[in-house]
Structures are given as structure tokens and as C-alpha cells.
file model-v2.json (JSON, C-alpha atoms)
[["chain", "number", "residue", "atom", "x", "y", "z"],
["H", 1, "MET", "CA", -15.58, -67.27, -24.23],
["H", 2, "ALA", "CA", -15.35, -63.50, -24.52],
["H", 3, "GLN", "CA", -16.50, -61.43, -21.58],
["H", 4, "ILE", "CA", -19.73, -59.61, -22.34],
["H", 5, "HIS", "CA", -21.08, -57.23, -19.71],
["H", 6, "LEU", "CA", -24.85, -57.54, -20.00],
["H", 7, "THR", "CA", -27.61, -57.84, -17.46],
["H", 8, "TRP", "CA", -28.79, -61.43, -17.66],
["H", 9, "PHE", "CA", -32.47, -60.75, -18.02],
["H", 10, "LEU", "CA", -31.81, -58.58, -21.07],
["H", 11, "VAL", "CA", -29.89, -61.25, -22.91],
["H", 12, "LEU", "CA", -32.37, -64.13, -22.88],
["H", 13, "PRO", "CA", -35.00, -62.62, -25.21],
["H", 14, "ILE", "CA", -32.31, -61.34, -27.57],
["H", 15, "VAL", "CA", -30.80, -64.80, -27.96],
["H", 16, "ALA", "CA", -34.19, -66.45, -28.32],
["H", 17, "LEU", "CA", -35.14, -64.15, -31.17],
["H", 18, "LEU", "CA", -31.73, -63.96, -32.82],
["H", 19, "ALA", "CA", -31.97, -67.39, -34.42],
["H", 20, "ILE", "CA", -35.02, -66.63, -36.53],
["H", 21, "ILE", "CA", -35.61, -62.91, -37.06],
["H", 22, "ASP", "CA", -34.06, -60.11, -39.11],
["H", 23, "PHE", "CA", -33.38, -56.75, -37.48],
["H", 24, "ASP", "CA", -33.43, -53.05, -38.24],
["H", 25, "GLY", "CA", -30.99, -50.31, -37.32],
["H", 26, "TRP", "CA", -31.10, -47.78, -34.50],
["H", 27, "SER", "CA", -29.95, -44.30, -33.55],
["H", 28, "GLY", "CA", -29.46, -42.42, -30.31],
["H", 29, "HIS", "CA", -31.63, -39.74, -28.69],
["H", 30, "PRO", "CA", -30.64, -36.56, -26.81],
["H", 31, "LEU", "CA", -31.63, -35.25, -23.41],
["H", 32, "HIS", "CA", -35.01, -33.56, -23.21],
["H", 33, "GLU", "CA", -36.35, -31.48, -20.35],
["H", 34, "GLY", "CA", -39.87, -32.85, -20.12],
["H", 35, "PHE", "CA", -43.28, -32.62, -21.68],
["H", 36, "GLY", "CA", -46.94, -32.28, -20.84],
["H", 37, "PRO", "CA", -50.02, -33.91, -22.36],
["H", 38, "SER", "CA", -52.20, -31.98, -24.73],
["H", 39, "GLU", "CA", -54.59, -29.65, -22.91],
["H", 40, "ASN", "CA", -56.92, -29.37, -25.87],
["H", 41, "ALA", "CA", -59.82, -31.64, -24.87],
["H", 42, "SER", "CA", -61.17, -31.68, -28.42],
["H", 43, "HIS", "CA", -57.93, -33.23, -29.65],
["H", 44, "LEU", "CA", -57.21, -35.81, -27.00],
["H", 45, "PRO", "CA", -55.11, -38.75, -28.18],
["H", 46, "ASN", "CA", -56.60, -42.22, -28.50],
["H", 47, "ILE", "CA", -54.88, -44.61, -26.10],
["H", 48, "THR", "CA", -55.59, -48.35, -26.02],
["H", 49, "ILE", "CA", -55.23, -50.21, -22.73],
["H", 50, "ILE", "CA", -54.31, -53.86, -23.34],
["H", 51, "ALA", "CA", -54.87, -55.83, -20.14],
["H", 52, "THR", "CA", -53.20, -59.17, -19.45],
["H", 53, "GLY", "CA", -53.94, -59.77, -15.76],
["H", 54, "GLY", "CA", -51.66, -59.61, -12.74],
["H", 55, "THR", "CA", -52.08, -57.98, -9.34],
["H", 56, "ILE", "CA", -53.63, -54.91, -10.92],
["H", 57, "ALA", "CA", -56.52, -57.24, -11.80],
["H", 58, "GLY", "CA", -56.37, -59.01, -8.44],
["H", 59, "ALA", "CA", -59.19, -59.38, -5.94],
["H", 60, "THR", "CA", -58.81, -59.59, -2.18],
["H", 61, "SER", "CA", -61.25, -60.88, 0.44],
["H", 62, "SER", "CA", -60.91, -57.75, 2.60],
["H", 63, "PRO", "CA", -59.28, -54.32, 2.25],
["H", 64, "ALA", "CA", -56.67, -55.18, 4.88],
["H", 65, "LYS", "CA", -55.59, -58.38, 3.14],
["H", 66, "THR", "CA", -52.76, -57.88, 0.66],
["H", 67, "THR", "CA", -51.39, -61.44, 0.53],
["H", 68, "ASP", "CA", -52.79, -64.75, -0.74],
["H", 69, "TYR", "CA", -55.08, -63.03, -3.23],
["H", 70, "LYS", "CA", -56.09, -64.13, -6.72],
["H", 71, "ALA", "CA", -54.05, -62.10, -9.18],
["H", 72, "ASP", "CA", -56.03, -62.44, -12.37],
["H", 73, "VAL", "CA", -59.78, -62.21, -11.82],
["H", 74, "LEU", "CA", -60.96, -58.66, -12.56],
["H", 75, "HIS", "CA", -61.71, -57.17, -15.96],
["H", 76, "ILE", "CA", -59.65, -54.05, -16.49],
["H", 77, "GLU", "CA", -62.84, -51.98, -16.78],
["H", 78, "GLU", "CA", -63.45, -52.62, -13.07],
["H", 79, "VAL", "CA", -60.09, -51.05, -12.30],
["H", 80, "ILE", "CA", -60.77, -48.11, -14.60],
["H", 81, "GLN", "CA", -64.12, -47.29, -12.98],
["H", 82, "SER", "CA", -62.48, -45.57, -10.01],
["H", 83, "VAL", "CA", -60.41, -43.24, -12.21],
["H", 84, "GLU", "CA", -62.75, -42.63, -15.15],
["H", 85, "ASP", "CA", -62.95, -38.90, -14.50],
["H", 86, "GLN", "CA", -59.16, -38.52, -14.43],
["H", 87, "LEU", "CA", -58.72, -40.52, -17.64],
["H", 88, "ARG", "CA", -61.46, -38.60, -19.40],
["H", 89, "GLY", "CA", -59.37, -35.44, -19.24],
["H", 90, "VAL", "CA", -56.23, -37.12, -20.55],
["H", 91, "ALA", "CA", -57.17, -39.39, -23.44],
["H", 92, "ASN", "CA", -59.90, -41.22, -25.27],
["H", 93, "VAL", "CA", -59.42, -44.68, -23.83],
["H", 94, "ASP", "CA", -60.22, -47.99, -25.52],
["H", 95, "VAL", "CA", -59.88, -51.27, -23.62],
["H", 96, "HIS", "CA", -58.74, -54.70, -24.81],
["H", 97, "GLN", "CA", -58.86, -57.57, -22.32],
["H", 98, "PHE", "CA", -56.16, -59.61, -24.04],
["H", 99, "SER", "CA", -55.96, -62.18, -21.24],
["H", 100, "ASN", "CA", -56.20, -62.60, -17.48],
["H", 101, "ILE", "CA", -53.08, -64.48, -16.46],
["H", 102, "ASP", "CA", -50.69, -64.49, -13.54],
["H", 103, "SER", "CA", -47.44, -63.08, -14.90],
["H", 104, "ILE", "CA", -45.43, -66.02, -13.55],
["H", 105, "ASN", "CA", -47.16, -68.10, -16.24],
["H", 106, "ILE", "CA", -46.20, -65.88, -19.18],
["H", 107, "ASN", "CA", -44.07, -67.71, -21.75],
["H", 108, "SER", "CA", -42.46, -66.76, -25.06],
["H", 109, "SER", "CA", -45.51, -67.74, -27.12],
["H", 110, "PHE", "CA", -47.68, -65.45, -25.00],
["H", 111, "ALA", "CA", -45.17, -62.61, -25.28],
["H", 112, "THR", "CA", -45.00, -63.08, -29.05],
["H", 113, "ASN", "CA", -48.78, -63.03, -29.47],
["H", 114, "LEU", "CA", -49.11, -60.00, -27.20],
["H", 115, "SER", "CA", -46.40, -58.10, -29.07],
["H", 116, "GLN", "CA", -48.11, -58.85, -32.38],
["H", 117, "HIS", "CA", -51.40, -57.57, -30.94],
["H", 118, "ILE", "CA", -49.70, -54.38, -29.73],
["H", 119, "ALA", "CA", -48.06, -53.84, -33.13],
["H", 120, "GLU", "CA", -51.38, -54.33, -34.89],
["H", 121, "GLU", "CA", -53.05, -51.79, -32.61],
["H", 122, "LEU", "CA", -50.27, -49.24, -33.08],
["H", 123, "SER", "CA", -50.50, -49.63, -36.86],
["H", 124, "LYS", "CA", -53.96, -48.03, -36.78],
["H", 125, "GLU", "CA", -54.00, -44.35, -37.70],
["H", 126, "THR", "CA", -56.58, -43.74, -34.99],
["H", 127, "THR", "CA", -54.36, -45.09, -32.20],
["H", 128, "GLN", "CA", -51.72, -42.80, -30.72],
["H", 129, "GLY", "CA", -50.36, -45.11, -28.02],
["H", 130, "VAL", "CA", -50.78, -48.28, -25.98],
["H", 131, "VAL", "CA", -50.73, -49.06, -22.26],
["H", 132, "VAL", "CA", -50.11, -52.67, -21.22],
["H", 133, "THR", "CA", -51.15, -53.86, -17.76],
["H", 134, "THR", "CA", -49.50, -56.98, -16.41],
["H", 135, "GLY", "CA", -48.22, -58.68, -13.29],
["H", 136, "THR", "CA", -45.14, -57.25, -11.65],
["H", 137, "HIS", "CA", -43.14, -60.48, -11.27],
["H", 138, "SER", "CA", -42.24, -60.56, -14.96],
["H", 139, "LEU", "CA", -43.18, -56.97, -15.87],
["H", 140, "ALA", "CA", -39.63, -55.83, -16.66],
["H", 141, "TYR", "CA", -38.94, -58.93, -18.77],
["H", 142, "LEU", "CA", -42.17, -58.50, -20.72],
["H", 143, "ALA", "CA", -41.46, -54.81, -21.30],
["H", 144, "GLU", "CA", -38.02, -55.72, -22.63],
["H", 145, "PHE", "CA", -39.52, -58.30, -24.98],
["H", 146, "ILE", "CA", -42.07, -55.78, -26.28],
["H", 147, "GLY", "CA", -39.29, -53.25, -26.77],
["H", 148, "LEU", "CA", -37.40, -55.74, -28.93],
["H", 149, "ALA", "CA", -40.39, -57.03, -30.88],
["H", 150, "VAL", "CA", -42.69, -54.05, -31.54],
["H", 151, "ILE", "CA", -41.52, -51.78, -34.34],
["H", 152, "SER", "CA", -43.31, -48.45, -34.03],
["H", 153, "LYS", "CA", -42.69, -44.79, -33.31],
["H", 154, "LYS", "CA", -45.74, -44.69, -31.05],
["H", 155, "PRO", "CA", -45.42, -45.05, -27.27],
["H", 156, "VAL", "CA", -45.96, -48.25, -25.32],
["H", 157, "VAL", "CA", -46.19, -47.92, -21.53],
["H", 158, "VAL", "CA", -46.14, -51.02, -19.32],
["H", 159, "THR", "CA", -47.59, -50.84, -15.82],
["H", 160, "GLY", "CA", -49.03, -52.98, -13.05],
["H", 161, "ALA", "CA", -49.67, -52.89, -9.32],
["H", 162, "ARG", "CA", -48.02, -54.06, -6.12],
["H", 163, "ARG", "CA", -51.30, -54.32, -4.19],
["H", 164, "PRO", "CA", -54.56, -55.90, -5.40],
["H", 165, "HIS", "CA", -57.54, -53.81, -6.39],
["H", 166, "GLY", "CA", -59.77, -52.92, -3.45],
["H", 167, "SER", "CA", -57.06, -53.33, -0.83],
["H", 168, "LEU", "CA", -55.83, -50.53, 1.41],
["H", 169, "GLY", "CA", -53.23, -48.58, -0.52],
["H", 170, "ALA", "CA", -54.07, -50.21, -3.85],
["H", 171, "ASP", "CA", -51.78, -48.58, -6.40],
["H", 172, "GLY", "CA", -53.27, -49.97, -9.61],
["H", 173, "PRO", "CA", -55.64, -47.09, -10.42],
["H", 174, "SER", "CA", -53.03, -44.38, -9.88],
["H", 175, "ASN", "CA", -50.44, -46.33, -11.89],
["H", 176, "LEU", "CA", -52.98, -46.68, -14.68],
["H", 177, "VAL", "CA", -53.65, -42.93, -14.79],
["H", 178, "ALA", "CA", -49.91, -42.21, -14.81],
["H", 179, "ALA", "CA", -49.33, -44.76, -17.57],
["H", 180, "VAL", "CA", -52.13, -43.42, -19.78],
["H", 181, "THR", "CA", -50.92, -39.86, -19.23],
["H", 182, "THR", "CA", -47.38, -40.88, -20.19],
["H", 183, "ALA", "CA", -48.63, -42.64, -23.33],
["H", 184, "ALA", "CA", -50.68, -39.54, -24.17],
["H", 185, "THR", "CA", -47.69, -37.24, -23.71],
["H", 186, "ARG", "CA", -46.23, -36.10, -26.98],
["H", 187, "GLY", "CA", -42.61, -35.84, -27.95],
["H", 188, "TRP", "CA", -40.71, -38.56, -26.11],
["H", 189, "SER", "CA", -41.42, -41.57, -28.29],
["H", 190, "SER", "CA", -39.65, -42.47, -31.51],
["H", 191, "GLU", "CA", -38.77, -45.64, -33.39],
["H", 192, "ASN", "CA", -36.56, -47.92, -31.27],
["H", 193, "HIS", "CA", -37.18, -45.69, -28.24],
["H", 194, "ASN", "CA", -40.86, -46.23, -27.57],
["H", 195, "VAL", "CA", -41.29, -48.59, -24.58],
["H", 196, "VAL", "CA", -41.12, -47.55, -20.92],
["H", 197, "ILE", "CA", -42.23, -48.83, -17.52],
["H", 198, "VAL", "CA", -44.37, -46.57, -15.33],
["H", 199, "ILE", "CA", -44.85, -47.69, -11.73],
["H", 200, "GLN", "CA", -44.29, -46.40, -8.17],
["H", 201, "ASP", "CA", -44.13, -42.81, -9.47],
["H", 202, "LYS", "CA", -41.17, -43.50, -11.75],
["H", 203, "VAL", "CA", -40.63, -43.70, -15.49],
["H", 204, "MET", "CA", -38.05, -46.40, -16.23],
["H", 205, "ALA", "CA", -36.45, -48.09, -19.18],
["H", 206, "SER", "CA", -36.91, -51.85, -19.16],
["H", 207, "ARG", "CA", -33.22, -52.54, -19.57],
["H", 208, "GLY", "CA", -31.54, -52.72, -16.18],
["H", 209, "THR", "CA", -34.79, -52.44, -14.22],
["H", 210, "LYS", "CA", -35.52, -55.30, -11.86],
["H", 211, "LYS", "CA", -37.99, -56.14, -9.13],
["H", 212, "GLU", "CA", -36.68, -56.90, -5.66],
["H", 213, "ASP", "CA", -39.33, -57.93, -3.15],
["H", 214, "ASP", "CA", -42.12, -55.42, -3.88],
["H", 215, "GLN", "CA", -39.94, -52.62, -5.26],
["H", 216, "PHE", "CA", -38.76, -51.83, -8.78],
["H", 217, "LEU", "CA", -35.12, -50.78, -8.87],
["H", 218, "PRO", "CA", -33.81, -49.02, -11.97],
["H", 219, "GLY", "CA", -30.31, -49.92, -13.07],
["H", 220, "PRO", "CA", -27.64, -47.64, -14.56],
["H", 221, "ARG", "CA", -29.27, -45.04, -16.83],
["H", 222, "SER", "CA", -32.65, -46.77, -16.47],
["H", 223, "LEU", "CA", -34.40, -44.05, -14.45],
["H", 224, "LEU", "CA", -35.81, -41.70, -17.08],
["H", 225, "GLY", "CA", -37.99, -39.48, -14.92],
["H", 226, "ASP", "CA", -40.65, -39.16, -12.26],
["H", 227, "ILE", "CA", -44.42, -39.07, -12.05],
["H", 228, "LYS", "CA", -45.73, -35.96, -10.29],
["H", 229, "ASP", "CA", -49.44, -35.24, -10.05],
["H", 230, "SER", "CA", -49.94, -38.23, -12.37],
["H", 231, "LYS", "CA", -47.87, -36.56, -15.10],
["H", 232, "PRO", "CA", -44.44, -37.61, -16.42],
["H", 233, "PHE", "CA", -41.44, -35.35, -15.96],
["H", 234, "LEU", "CA", -38.60, -36.81, -18.00],
["H", 235, "ARG", "CA", -34.92, -36.15, -17.44],
["H", 236, "TRP", "CA", -33.89, -38.35, -20.34],
["H", 237, "LEU", "CA", -35.52, -39.88, -23.36],
["H", 238, "PRO", "CA", -35.50, -43.68, -23.41],
["H", 239, "GLY", "CA", -32.51, -45.07, -25.26],
["H", 240, "PRO", "CA", -32.62, -48.19, -27.42],
["H", 241, "CYS", "CA", -33.32, -51.40, -25.50],
["H", 242, "ALA", "CA", -30.74, -53.03, -27.76],
["H", 243, "PRO", "CA", -29.04, -52.17, -31.06],
["H", 244, "VAL", "CA", -31.61, -54.29, -32.85],
["H", 245, "LYS", "CA", -35.34, -54.71, -33.27],
["H", 246, "PHE", "CA", -36.96, -57.86, -34.57],
["H", 247, "ASN", "CA", -39.81, -58.16, -37.04],
["H", 248, "ILE", "CA", -42.07, -60.90, -35.63],
["H", 249, "SER", "CA", -45.15, -60.04, -37.66],
["H", 250, "SER", "CA", -44.92, -63.21, -39.77],
["H", 251, "ILE", "CA", -44.62, -65.67, -36.87],
["H", 252, "PRO", "CA", -47.83, -67.78, -36.74],
["H", 253, "PRO", "CA", -49.86, -67.59, -33.49],
["H", 254, "GLY", "CA", -48.78, -70.14, -30.92],
["H", 255, "THR", "CA", -45.34, -70.63, -32.42],
["H", 256, "SER", "CA", -42.65, -71.32, -29.84],
["H", 257, "LEU", "CA", -39.41, -69.40, -30.13],
["H", 258, "PRO", "CA", -36.09, -71.25, -30.12],
["H", 259, "ARG", "CA", -35.38, -72.80, -26.74],
["H", 260, "VAL", "CA", -32.87, -70.85, -24.64],
["H", 261, "GLU", "CA", -31.60, -72.07, -21.28],
["H", 262, "LEU", "CA", -30.12, -69.90, -18.56],
["H", 263, "LEU", "CA", -27.29, -71.55, -16.61],
["H", 264, "PRO", "CA", -25.74, -69.75, -13.61],
["H", 265, "ALA", "CA", -22.13, -70.38, -12.63],
["H", 266, "HIS", "CA", -21.55, -72.18, -9.34],
["H", 267, "GLN", "CA", -18.93, -74.29, -7.64],
["H", 268, "ASP", "CA", -18.26, -77.55, -9.47],
["H", 269, "PHE", "CA", -20.37, -76.53, -12.49],
["H", 270, "GLY", "CA", -20.08, -79.38, -14.95],
["H", 271, "ALA", "CA", -20.18, -79.21, -18.73],
["H", 272, "ASP", "CA", -22.61, -82.12, -18.60],
["H", 273, "LEU", "CA", -25.34, -79.58, -17.72],
["H", 274, "VAL", "CA", -24.66, -77.83, -21.02],
["H", 275, "GLU", "CA", -24.63, -81.17, -22.81],
["H", 276, "ALA", "CA", -28.02, -82.01, -21.25],
["H", 277, "ALA", "CA", -29.50, -78.65, -22.26],
["H", 278, "ILE", "CA", -28.35, -79.14, -25.85],
["H", 279, "GLY", "CA", -29.73, -82.67, -25.81],
["H", 280, "LEU", "CA", -33.12, -81.30, -24.76],
["H", 281, "GLY", "CA", -33.18, -79.00, -27.78],
["H", 282, "ALA", "CA", -31.63, -75.75, -26.56],
["H", 283, "LYS", "CA", -30.59, -73.52, -29.45],
["H", 284, "GLY", "CA", -29.09, -70.84, -27.22],
["H", 285, "LEU", "CA", -27.46, -70.62, -23.81],
["H", 286, "VAL", "CA", -27.15, -67.67, -21.45],
["H", 287, "MET", "CA", -24.22, -68.40, -19.15],
["H", 288, "VAL", "CA", -24.56, -66.25, -16.02],
["H", 289, "ALA", "CA", -20.95, -65.80, -14.96],
["H", 290, "TYR", "CA", -19.24, -64.59, -11.81],
["H", 291, "GLY", "CA", -18.58, -60.90, -11.14],
["H", 292, "GLY", "CA", -17.34, -59.13, -14.23],
["H", 293, "GLY", "CA", -18.00, -62.07, -16.53],
["H", 294, "TYR", "CA", -15.65, -64.83, -15.39],
["H", 295, "TRP", "CA", -16.36, -68.52, -15.90],
["H", 296, "PRO", "CA", -14.70, -71.50, -14.11],
["H", 297, "GLU", "CA", -11.78, -72.74, -16.18],
["H", 298, "THR", "CA", -12.58, -76.37, -15.39],
["H", 299, "SER", "CA", -15.62, -76.33, -17.66],
["H", 300, "ALA", "CA", -15.11, -73.34, -19.99],
["H", 301, "LEU", "CA", -13.20, -75.20, -22.71],
["H", 302, "GLN", "CA", -15.61, -78.15, -22.63],
["H", 303, "ILE", "CA", -18.58, -75.80, -22.96],
["H", 304, "LYS", "CA", -17.01, -74.05, -25.95],
["H", 305, "LYS", "CA", -16.36, -77.39, -27.62],
["H", 306, "LEU", "CA", -19.97, -78.53, -27.07],
["H", 307, "THR", "CA", -21.52, -75.32, -28.37],
["H", 308, "ASP", "CA", -19.21, -75.17, -31.40],
["H", 309, "GLU", "CA", -19.91, -78.78, -32.35],
["H", 310, "ASN", "CA", -23.69, -78.37, -32.06],
["H", 311, "GLY", "CA", -24.07, -74.90, -33.53],
["H", 312, "VAL", "CA", -25.51, -73.51, -30.30],
["H", 313, "ILE", "CA", -25.24, -69.79, -29.53],
["H", 314, "ALA", "CA", -23.74, -69.12, -26.09],
["H", 315, "ILE", "CA", -23.77, -65.68, -24.48],
["H", 316, "LEU", "CA", -21.74, -64.88, -21.37],
["H", 317, "ALA", "CA", -23.37, -62.43, -18.96],
["H", 318, "ASN", "CA", -22.55, -61.32, -15.44],
["H", 319, "GLN", "CA", -24.68, -61.79, -12.33],
["H", 320, "GLY", "CA", -25.16, -58.16, -11.35],
["H", 321, "GLN", "CA", -25.82, -54.75, -12.83],
["H", 322, "SER", "CA", -23.11, -53.50, -15.14],
["H", 323, "ASP", "CA", -22.33, -50.41, -17.14]]
call {"tool": "encode", "arguments": {"input": "model-v2.json", "output": "C-alpha cells"}}
result
Amino acid sequence: MAQIHLTWFLVLPIVALLAIIDFDGWSGHPLHEGFGPSENASHLPNITIIATGGTIAGATSSPAKTTDYKADVLHIEEVIQSVEDQLRGVANVDVHQFSNIDSININSSFATNLSQHIAEELSKETTQGVVVTTGTHSLAYLAEFIGLAVISKKPVVVTGARRPHGSLGADGPSNLVAAVTTAATRGWSSENHNVVIVIQDKVMASRGTKKEDDQFLPGPRSLLGDIKDSKPFLRWLPGPCAPVKFNISSIPPGTSLPRVELLPAHQDFGADLVEAAIGLGAKGLVMVAYGGGYWPETSALQIKKLTDENGVIAILANQGQSD
């Protein structure tokens, strides 16, 4: 197998979509020094908040309790109530409660349906941008999926919260204001460069960003800017999440994408695991290799033989961040 230096959580959605969807081209974007939202209140942009659940919609039994809470119980309007005045000066906000789900339960069918809903909303002339609220466990993965599957020049900002609503230090409302302000900010979004993550006072690209414990850590070239006074200050424009975008508009609701299994390298890894995955219907494999993309020789040739014989796509990725 050839060595391919990719972050593993980027590769899985690409492989899953690759089997069934055509793609468009892409082009780069230069450095920009920053922007500010329109100050003309009579011409505020229309931003749609699409809520899916997560900690930002969580409820806690007391302000001091920030663990063992229910993560998907509040309607997004309850979160917005505390920051209505701030939002009123930034954008005309519409709200869609798409779902109320813990992000650990998000699957490819959900991500597909959500991306189609986002694309439909962005296709409206009256909509200038979308903010998606979700749980933080899979926030970066969902943002990456949206970036691959939503074809639009309009901005999509994904945000969430690390503490439930109503708790001491709840960050959901401030993240929401920052996300809406970023979506309402003109000039940074273009086709293939329109999806960012806004959380913990940072603007980040989905590619390379990961959550460790309760912190989001941007990878190489993933930190695009900062949030100051709830406004984005961008050092860089977001680059393409991948050299492709996929048109998923024709996929029927509820359709499952091709099955892709992620298999990490370890001592005594046997090719029988690959054989089992293929037997269970896997159409793609993400092989998470050691270090710079090395795979144990004892099983590498057997894996190649199995994938070649069964027409299965196998991608080799490394375990850590990579340039």
C-alpha cells in the first residue's frame, strides 16, 4: 500500500462518499486580514440556525452540576432567549429544530439528511448563511461531512457547547452569538471554502481539528482566527476541506452510505479482521497505520490481496496529525 499522510477522521467520510457520488473541482484562497459584520441594521443578513441537540441543548439539575446531564432536551429557542438582544443587532435569525440528539448517536444517514437540509436552506435567495448547533463529541466530524457534502458559496458555521445550558460558565449562548456573527460576516465564504467551526473563542477549519477531553485542538493550518467581543478576526480564509465536493442532493432520505470500517494497526494485526469486515459488507477500509504511515509487513500483502479480489477501496492513514 502507498503511504498517504492524512488525518484519520478526515478520510472516513471521503471514502464512504467516494463509491457513489460525483465531484466538482476546487481552487485555493489567499490570506485576508479580517472582516466585520454589516453595521447597517436595515440590511442585516438572514441567518438560519439549524439545531440538532448536544450539550448546547442540555439541561442540568443545578447550576453547579456539569456532569451526568441530559444532552438533548432543550429547544434551541430556550438557548437563544438569553442572547436575543445581541443577535438582534447582528442578523435576522430563523430557527429550525432539525432534531434533538446526542452527537454520539449521529450516523451517516443523519449526516446526509442534515446536509441536504442545509443545502436546501442555503439555496433560498433570502438566506445568507446557516449556523448548525450540535454536540461536541462528533462536532468536528460532522463539520467535515457538511464541508464535503454541501455545495454552496454561502457560509456554514458549526458550533456547540462544553457545558450544559443553565450551568455555571455555560458557553452555549456566547458560542451561538459568535457563530451567528461569523455567519453574518461578509467576505470570507466562497464555494468549497464555506464551512468553519466556531467554539471556545476560535475559528477553525474542520480538517485537522479534534476534541481532546473538553478542549478543541486545531491541527496544522486549522486555526483560522479568533473571536473577540463575539466577532471573528480571521488570519486566513478557510481552505478546501478536500480537493472534492460531493453532490448528495439525489440521495433518498434514510439511505445508508457505503459501509466503511476503520481498522487501527496493532501488534499481531491479522488479515482475518479485514476479511471479516469485507464479509460483513464493507465497501471501504481506513487502515490507521503507525507513525508516518507504516503497516506491519506480516499482514500488508494479505490485506492487499483481499481488497483487490473483492473490489474494496483501502486508504492508509497515520495515527497522528500530519502536514
call {"tool": "closest_residue", "arguments": {"input": "model-v2.json", "among": "H:Ala178, H:Leu44, H:Ile106, H:Ala143", "to": "Thr126 (chain H)", "atoms": "all atoms listed in the file"}}
result
H:Leu44
call {"tool": "closest_residue", "arguments": {"input": "model-v2.json", "among": "H:His43, H:Arg259, H:Lys153, H:His96", "to": "Ser123 (chain H)", "atoms": "all atoms listed in the file"}}
result
H:Lys153
call {"tool": "closest_residue", "arguments": {"input": "model-v2.json", "among": "H:Asp68, H:Val198, H:Val130, H:Lys283", "to": "Val95 (chain H)", "atoms": "all atoms listed in the file"}}
result
H:Val130
call {"tool": "closest_residue", "arguments": {"input": "model-v2.json", "among": "H:Asn100, H:Thr134, H:Thr52, H:Thr60", "to": "Val73 (chain H)", "atoms": "all atoms listed in the file"}}
result
H:Asn100
call {"tool": "atom_distance", "arguments": {"input": "model-v2.json", "atom1": "CA of Asp226 (chain H)", "atom2": "CA of Glu125 (chain H)"}}
result
29.2 Å
call {"tool": "closest_residue", "arguments": {"input": "model-v2.json", "among": "H:Thr159, H:Ser167, H:Thr298, H:Thr127", "to": "Ser62 (chain H)", "atoms": "all atoms listed in the file"}}
result
H:Ser167
call {"tool": "closest_residue", "arguments": {"input": "model-v2.json", "among": "H:Ile199, H:Leu148, H:Val288, H:Leu223", "to": "Gly135 (chain H)", "atoms": "all atoms listed in the file"}}
result
H:Ile199
